[in-house]
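Quick look at upload06.cif (mmCIF, C-alpha atoms):
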data_start
#
loop_
_atom_site.label_atom_id
_atom_site.label_comp_id
_atom_site.auth_asym_id
_atom_site.auth_seq_id
_atom_site.Cartn_x
_atom_site.Cartn_y
_atom_site.Cartn_z
CA MET H 11 -102.05 -0.03 -8.41
CA ASP H 12 -104.82 1.27 -10.63
CA ALA H 13 -107.73 -1.24 -10.71
CA GLU H 14 -108.50 -0.37 -14.34
CA LEU H 15 -104.95 -1.33 -15.38
CA VAL H 16 -105.18 -4.59 -13.46
CA VAL H 17 -108.45 -5.50 -15.19
CA LEU H 18 -107.12 -4.50 -18.62
CA ARG H 19 -103.96 -6.54 -18.11
CA LEU H 20 -105.99 -9.56 -17.03
CA LEU H 21 -108.29 -9.14 -20.05
CA HIS H 22 -105.23 -8.90 -22.28
CA ILE H 23 -103.06 -11.65 -20.81
CA ILE H 24 -105.50 -14.44 -19.89
CA PRO H 25 -107.32 -14.62 -23.26
CA GLY H 26 -103.92 -14.12 -24.92
CA VAL H 27 -102.59 -17.21 -23.19
CA VAL H 28 -105.64 -19.16 -24.36
CA TRP H 29 -105.26 -17.87 -27.92
CA VAL H 30 -101.50 -18.30 -28.31
CA GLY H 31 -101.38 -21.56 -26.37
CA GLY H 32 -104.27 -22.92 -28.40
CA ALA H 33 -102.69 -21.89 -31.70
CA ILE H 34 -99.39 -23.52 -30.80
CA PHE H 35 -101.11 -26.66 -29.48
CA LEU H 36 -103.14 -26.99 -32.68
CA ALA H 37 -100.23 -26.38 -35.06
CA VAL H 38 -97.52 -28.34 -33.26
CA ILE H 39 -99.33 -31.17 -31.49
CA LEU H 40 -102.94 -31.80 -32.52
CA GLU H 41 -102.94 -31.31 -36.30
CA PRO H 42 -99.74 -33.27 -37.09
CA ASN H 43 -100.79 -36.18 -34.88
CA LEU H 44 -104.32 -36.31 -36.27
CA ARG H 45 -102.90 -36.18 -39.79
CA ALA H 46 -100.61 -39.11 -38.95
CA LEU H 47 -103.60 -41.12 -37.71
CA GLY H 48 -105.30 -40.67 -41.07
CA PRO H 49 -108.62 -39.36 -42.37
CA ALA H 50 -110.70 -41.96 -40.52
CA VAL H 51 -109.64 -40.39 -37.20
CA GLN H 52 -108.76 -36.86 -38.30
CA GLY H 53 -112.13 -36.16 -39.92
CA PRO H 54 -114.45 -37.02 -37.03
CA VAL H 55 -112.19 -35.45 -34.40
CA MET H 56 -111.82 -32.18 -36.28
CA ARG H 57 -115.53 -32.05 -37.16
CA LYS H 58 -116.24 -32.21 -33.44
CA LEU H 59 -113.47 -29.86 -32.28
CA ALA H 60 -113.30 -27.26 -35.07
CA PRO H 61 -116.53 -25.36 -34.27
CA VAL H 62 -115.63 -25.11 -30.59
CA LEU H 63 -112.01 -24.17 -31.28
CA VAL H 64 -112.95 -21.53 -33.84
CA ARG H 65 -115.46 -19.97 -31.45
CA TYR H 66 -113.14 -19.87 -28.42
CA MET H 67 -110.05 -18.81 -30.35
CA SER H 68 -112.00 -16.03 -32.10
CA ILE H 69 -113.37 -14.71 -28.82
CA ALA H 70 -109.96 -14.94 -27.14
CA SER H 71 -108.20 -13.16 -30.02
CA PHE H 72 -110.79 -10.37 -30.07
CA ILE H 73 -110.62 -9.79 -26.30
CA THR H 74 -106.80 -9.93 -26.35
CA ILE H 75 -106.44 -7.39 -29.15
CA ALA H 76 -109.19 -5.06 -27.89
CA ALA H 77 -107.87 -5.04 -24.31
CA GLY H 78 -104.33 -4.59 -25.61
CA ILE H 79 -105.30 -1.54 -27.65
CA VAL H 80 -107.15 0.03 -24.73
CA LEU H 81 -104.24 -0.81 -22.43
CA ALA H 82 -101.68 0.72 -24.80
CA PHE H 83 -103.69 3.96 -25.01
CA ARG H 84 -104.14 3.94 -21.25
CA VAL H 85 -100.46 3.60 -20.38
CA ARG H 86 -98.94 5.79 -23.11
CA SER H 87 -100.04 8.48 -25.52
CA PRO H 88 -99.97 7.51 -29.23
CA SER H 89 -97.09 9.92 -29.92
CA PHE H 90 -95.01 7.86 -27.48
CA TRP H 91 -95.52 4.82 -29.71
CA PHE H 92 -93.53 6.35 -32.56
CA ASP H 93 -90.75 7.86 -30.45
CA THR H 94 -89.57 4.86 -28.43
CA GLY H 95 -88.48 1.26 -28.77
CA TRP H 96 -91.40 0.34 -26.50
CA GLY H 97 -93.84 1.95 -28.91
CA TYR H 98 -92.39 0.29 -31.99
CA ALA H 99 -92.40 -3.10 -30.28
CA ILE H 100 -96.03 -2.68 -29.21
CA LEU H 101 -97.03 -1.59 -32.74
CA ILE H 102 -95.21 -4.53 -34.32
CA GLY H 103 -96.86 -6.85 -31.81
CA LEU H 104 -100.27 -5.36 -32.58
CA ILE H 105 -99.85 -5.65 -36.35
CA VAL H 106 -98.55 -9.21 -36.16
CA SER H 107 -101.35 -10.16 -33.75
CA ILE H 108 -103.99 -8.74 -36.09
CA LEU H 109 -102.43 -10.76 -38.93
CA GLY H 110 -102.55 -13.81 -36.65
CA ALA H 111 -106.22 -13.18 -35.94
CA ALA H 112 -106.83 -12.86 -39.70
CA THR H 113 -105.07 -16.15 -40.50
CA GLY H 114 -107.01 -17.70 -37.62
CA GLY H 115 -110.22 -16.46 -39.24
CA MET H 116 -109.17 -17.96 -42.56
CA THR H 117 -108.47 -21.22 -40.72
CA GLY H 118 -112.02 -21.14 -39.36
CA ALA H 119 -113.42 -20.60 -42.85
CA ALA H 120 -111.37 -23.50 -44.24
CA ALA H 121 -112.50 -25.73 -41.34
CA LYS H 122 -116.13 -24.86 -42.12
CA LYS H 123 -115.52 -25.74 -45.77
CA MET H 124 -114.11 -29.13 -44.71
CA GLU H 125 -117.13 -29.73 -42.49
CA ASN H 126 -119.52 -28.88 -45.34
CA MET H 127 -117.67 -31.21 -47.70
CA ALA H 128 -117.80 -34.04 -45.14
CA VAL H 129 -121.55 -33.55 -44.65
CA ALA H 130 -122.10 -33.57 -48.43
CA MET H 131 -120.20 -36.88 -48.73
CA GLU H 132 -121.86 -38.57 -45.76
CA GLY H 133 -122.94 -42.12 -46.51
CA ARG H 134 -120.99 -42.46 -49.75
CA PRO H 135 -117.38 -42.62 -50.85
CA PRO H 136 -115.90 -39.34 -52.09
CA THR H 137 -115.25 -38.80 -55.79
CA PRO H 138 -111.63 -38.30 -56.88
CA GLU H 139 -112.34 -34.58 -57.28
CA GLU H 140 -113.77 -34.37 -53.77
CA MET H 141 -110.77 -36.26 -52.38
CA ALA H 142 -108.42 -33.81 -54.11
CA GLU H 143 -110.37 -30.84 -52.75
CA MET H 144 -110.39 -32.34 -49.23
CA LYS H 145 -106.65 -32.94 -49.42
CA GLU H 146 -106.00 -29.38 -50.66
CA THR H 147 -108.21 -27.86 -47.94
CA SER H 148 -106.58 -30.03 -45.27
CA GLU H 149 -103.13 -28.87 -46.36
CA LYS H 150 -104.36 -25.26 -46.36
CA LEU H 151 -105.67 -25.72 -42.82
CA ALA H 152 -102.28 -27.01 -41.68
CA ARG H 153 -100.44 -24.11 -43.35
CA LEU H 154 -102.79 -21.51 -41.89
CA GLY H 155 -102.53 -23.09 -38.47
CA ARG H 156 -98.73 -22.94 -38.57
CA MET H 157 -98.81 -19.34 -39.84
CA THR H 158 -101.18 -18.33 -37.05
CA ALA H 159 -98.98 -19.99 -34.42
CA VAL H 160 -95.86 -18.26 -35.73
CA LEU H 161 -97.54 -14.84 -36.00
CA VAL H 162 -99.04 -14.86 -32.52
CA THR H 163 -95.77 -16.13 -31.05
CA ILE H 164 -93.94 -13.22 -32.69
CA GLY H 165 -96.64 -10.89 -31.34
CA VAL H 166 -96.15 -12.18 -27.79
CA GLY H 167 -92.37 -11.98 -28.14
CA THR H 168 -92.32 -8.39 -29.33
CA MET H 169 -94.71 -7.26 -26.63
CA ALA H 170 -92.82 -9.13 -23.94
CA ALA H 171 -89.59 -7.50 -25.13
CA ALA H 172 -91.14 -4.02 -25.47
CA ARG H 173 -90.27 -3.07 -21.94
CA PHE H 174 -86.58 -3.72 -22.58
CA VAL H 175 -86.05 -2.05 -25.99
#

Would you encode the structure as structure tokens?
Amino acid sequence: MDAELVVLRLLHIIPGVVWVGGAIFLAVILEPNLRALGPAVQGPVMRKLAPVLVRYMSIASFITIAAGIVLAFRVRSPSFWFDTGWGYAILIGLIVSILGAATGGMTGAAAKKMENMAVAMEGRPPTPEEMAEMKETSEKLARLGRMTAVLVTIGVGTMAAARFV
């Protein structure tokens, strides 16, 4: 087997597993359970985890998408993408994955906003307006997290099925 293809597949699949697994873990397990535990637990845990998660998920999504694009060009010519089921599935997977990376980026921005609000309120109780803004941002984070998980799962599904369509 071609060593370049092996490396490209590894660079596509391993970070993809990290990215998709992380997105699903966050949306289905971590966020709902932290929300159920309340702001006293959710806030400190997410302030500690969010910067690390955003960094690793961003790097993993970038490597996954970049390696996938290179891999797709390496194994098939672009004209093949528009003439076959394989090509359409790969294109759909790519588009949905890019959308997933975008919603992931928006999640990171919302997490940073939450962190900034928490720092601004440190040592004092939040005003009703700040509480409303924190609640709205927290709900936005949950929605974006679920959207990201769904999008990247669809991306994985279409690419996994590409070989068979």

In file coordinates, which residues lie within 12 Å of (-96.8, -18.0, -33.9) using all atoms listed in the file, given as a PyMOL selection string? chain H and resi 29-38+103+106-111+113-114+153-168

Give me, as CSV, the closest atom pair and its distance (Å, one decimal) for every residue of region 11-55 of chain H within a cut-off of 12 Å of region 134-144 of chain H, counting only C-alpha atoms, rows sorted by chain and rising number.
residue,atom,partner,partner_atom,distance
H:Pro49,CA,H:Met144,CA,10.0
H:Gln52,CA,H:Met144,CA,11.9
H:Gly53,CA,H:Met144,CA,10.2

CA of Leu59 (chain H) to CA of Met116 (chain H): how many Å, to one decimal?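 CA of Met116 (chain H) lies at a distance of 16.3 Å from CA of Leu59 (chain H).
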
By how many Å are CA of Arg19 (chain H) and CA of Trp96 (chain H) apart?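 About the pair CA of Arg19 (chain H) and CA of Trp96 (chain H): they are 16.6 Å apart.
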
Name the closest residue to Ala119 (chain H) among the candidates H:Ala172, H:Val85, H:Met131, H:Ala60; distances are taken between atoms, counting all atoms listed in the file.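 Using all atoms listed in the file, the shortest distance to Ala119 (chain H) belongs to H:Ala60.
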
From H:Ala112, H:Ala152, H:Ala13, H:Val175, residue lying nearest Leu40 (chain H) [only C-alpha atoms]: H:Ala152

Can you list, as a PyMOL selection string, every protein, DNA or RNA residue that comes within 12 Å of Tyr98 (chain H) when you count only C-alpha atoms, leaving out same-chain residues fewer than 6 positions away? chain H and resi 82+88-92+104-105+165+168-169+171-175

Find the residues of region 92-175 of chain H that sit at most 9 Å from region 61-69 of chain H; for each, write down the nearest two atoms and how far apart they are in Å, to one decimal. Count all atoms listed in the file. Sort by chain, then by number going up, and give it as CSV.
residue,atom,partner,partner_atom,distance
H:Ala111,CA,H:Ser68,CA,7.5
H:Gly114,CA,H:Ser68,CA,7.6
H:Gly115,CA,H:Ser68,CA,7.4
H:Thr117,CA,H:Val64,CA,8.2
H:Gly118,CA,H:Val64,CA,5.6
H:Ala121,CA,H:Pro61,CA,8.1
H:Lys122,CA,H:Pro61,CA,7.9

Take the selection from the previous step and output its residues with C-alpha atoms, as a compact mmCIF listing (two decimals), keeping the file's coordinate frame.
# COMPACT_ATOMS: atom_id res chain seq x y z
CA ALA H 111 -106.22 -13.18 -35.94
CA GLY H 114 -107.01 -17.70 -37.62
CA GLY H 115 -110.22 -16.46 -39.24
CA THR H 117 -108.47 -21.22 -40.72
CA GLY H 118 -112.02 -21.14 -39.36
CA ALA H 121 -112.50 -25.73 -41.34
CA LYS H 122 -116.13 -24.86 -42.12

Can you tell me, as a PyMOL selection string, what residues are no more than 7 Å from region 21-28 of chain H when counting all atoms listed in the file, ignoring any on the same chain fewer than 3 positions away? chain H and resi 17-18+31-32+70-71+73-74+77-78

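Candidate residues H:Leu151, H:Leu15, H:Ala170, H:Leu47 were compared for distance to Phe83 (chain H), and the nearest is H:Leu15, using all atoms listed in the file.
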
Would you mind reading off the distance between CA of Asp93 (chain H) and CA of Leu20 (chain H), one decimal, in Å?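 Answer for the CA of Asp93 (chain H) to CA of Leu20 (chain H) separation: 26.8 Å.
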
Distance query Pro54 (chain H) at most 12 Å, all atoms listed in the file, self and fewer than 4 positions along chain excluded, as JSON, numbers by chain: {"H": [44, 45, 47, 48, 49, 50, 58, 59, 60, 124, 125, 128, 129, 132]}

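If all atoms listed in the file are the atoms counted, then among H:Ala120, H:Val55, H:Ala46, H:Ile79 the closest residue to Thr147 (chain H) is H:Ala120.
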